[in-house]
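Asker: For reference, the structure I am asking about is given below.
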Amino acid sequence: MDFNGLADPYVKLHLLPGACKANKLKTKIVRNTLNPVWNETLTYCGITEEDMYRKTLRVSVCDEDKLTHNEFIGESRVALRRVKPDQTKHFNICLEHPPPLPSPTATSTALRGISCYLREVKL
């Protein structure tokens, strides 16, 4: 939430596996709400039958923040094999927060702090 108690959420869609820009889509931002509704059609082009069998759609919800970085709210994943081409299907999905993974920078900083502390103790 922002300081006003509301959020400016948007949704990012990402086909997994795959890191190219064509696998990523984004909705418009819904301003000042805690109950956003997106009435948009986002279309991936060139999806093959093999893609439908092996790929997963990651749905991430974020809060736009103009003063700092955008905040991750949560995500869910849908296997494309659950979706039929040219058929509308409605999903009720719950957002999950993935477990935080320590970054290499955070780990090295923590270890550096420990080694400095140990050196101080030895003196």
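Here's how to read the names in the structure tokens: chain A, B, ... by the order shown, residue numbers from 1 in each chain, ligand numbers from 1 in the order shown.
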Which neighbours of range 26-34 of chain A fall inside 7 Å, counting only C-alpha atoms, when residues of the same chain fewer than 6 positions from it are skipped, and could you give them as a short mmCIF file (atom, residue, chain, number, x, y, z; two decimals) with N, CA and C atoms, in the first residue's frame?

Answerer:
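And here is the file that came out, selection_7.cif:
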data_model
loop_
_atom_site.label_atom_id
_atom_site.label_comp_id
_atom_site.auth_asym_id
_atom_site.auth_seq_id
_atom_site.Cartn_x
_atom_site.Cartn_y
_atom_site.Cartn_z
N LEU A 6 -3.85 2.92 -0.16
CA LEU A 6 -4.28 2.28 -1.40
C LEU A 6 -3.05 1.85 -2.20
N ALA A 7 -3.28 1.18 -3.30
CA ALA A 7 -2.18 0.72 -4.15
C ALA A 7 -2.45 1.13 -5.59
N ASP A 8 -1.42 1.04 -6.41
CA ASP A 8 -1.51 1.28 -7.85
C ASP A 8 -1.04 0.00 -8.55
N PRO A 9 -1.85 -1.06 -8.50
CA PRO A 9 -1.39 -2.36 -8.98
C PRO A 9 -1.45 -2.52 -10.49
N TYR A 10 -0.57 -3.41 -10.97
CA TYR A 10 -0.58 -3.86 -12.35
C TYR A 10 -0.15 -5.32 -12.35
N VAL A 11 -0.39 -6.00 -13.47
CA VAL A 11 -0.06 -7.41 -13.58
C VAL A 11 0.98 -7.60 -14.68
N LYS A 12 1.98 -8.42 -14.37
CA LYS A 12 2.97 -8.82 -15.37
C LYS A 12 2.74 -10.29 -15.69
N LEU A 13 2.72 -10.62 -16.97
CA LEU A 13 2.59 -12.00 -17.42
C LEU A 13 3.91 -12.41 -18.05
#

Asker: Counting only C-alpha atoms, figure out which residue out of A:Leu57, A:Leu95, A:Met52, A:Leu42 gets nearest to Phe72 in chain A.

Answerer: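 Checking each of A:Leu57, A:Leu95, A:Met52, A:Leu42 against Phe72 in chain A, counting only C-alpha atoms, the winner is A:Leu95.
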
Asker: Among range 11-109 of chain A, which residues carry a DSSP assignment of alpha helix (DSSP H), reported as a PyMOL selection string?

Answerer: chain A and resi 49-54+104-109

Asker: Give me, as a list in words, all polymer residues having an atom no more than 12 Å from Cys45 in chain A, counting only C-alpha atoms and skipping those fewer than 6 positions away in the same chain.

Answerer: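 So, after excluding close chain neighbours, the residues are Leu15, Ala22, Asn23, Lys24, Leu25, Asp51 and Pro85 of chain A.
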
Asker: Pick out the residues sitting within 10 Å of Ser76 in chain A, and hand them over as a PyMOL selection string; count only C-alpha atoms, and ignore anything fewer than 6 positions along from it in its own chain.

Answerer: chain A and resi 57-61+93-98

Asker: So, counting only C-alpha atoms, which residue among A:Val78, A:Asn92, A:Gln87, A:Pro36 is closest to Cys62 in chain A?

Answerer: A:Pro36

Asker: For CA of Lys55 in chain A and CA of Leu16 in chain A, determine how far apart the two atoms are, in Å to one decimal place.

Answerer: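 Between these atoms lies a distance of 5.5 Å.
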
Asker: Would you work out the distance separating CA of Arg54 in chain A from CA of Arg81 in chain A, expressed in Å to one decimal?

Answerer: 7.4 Å
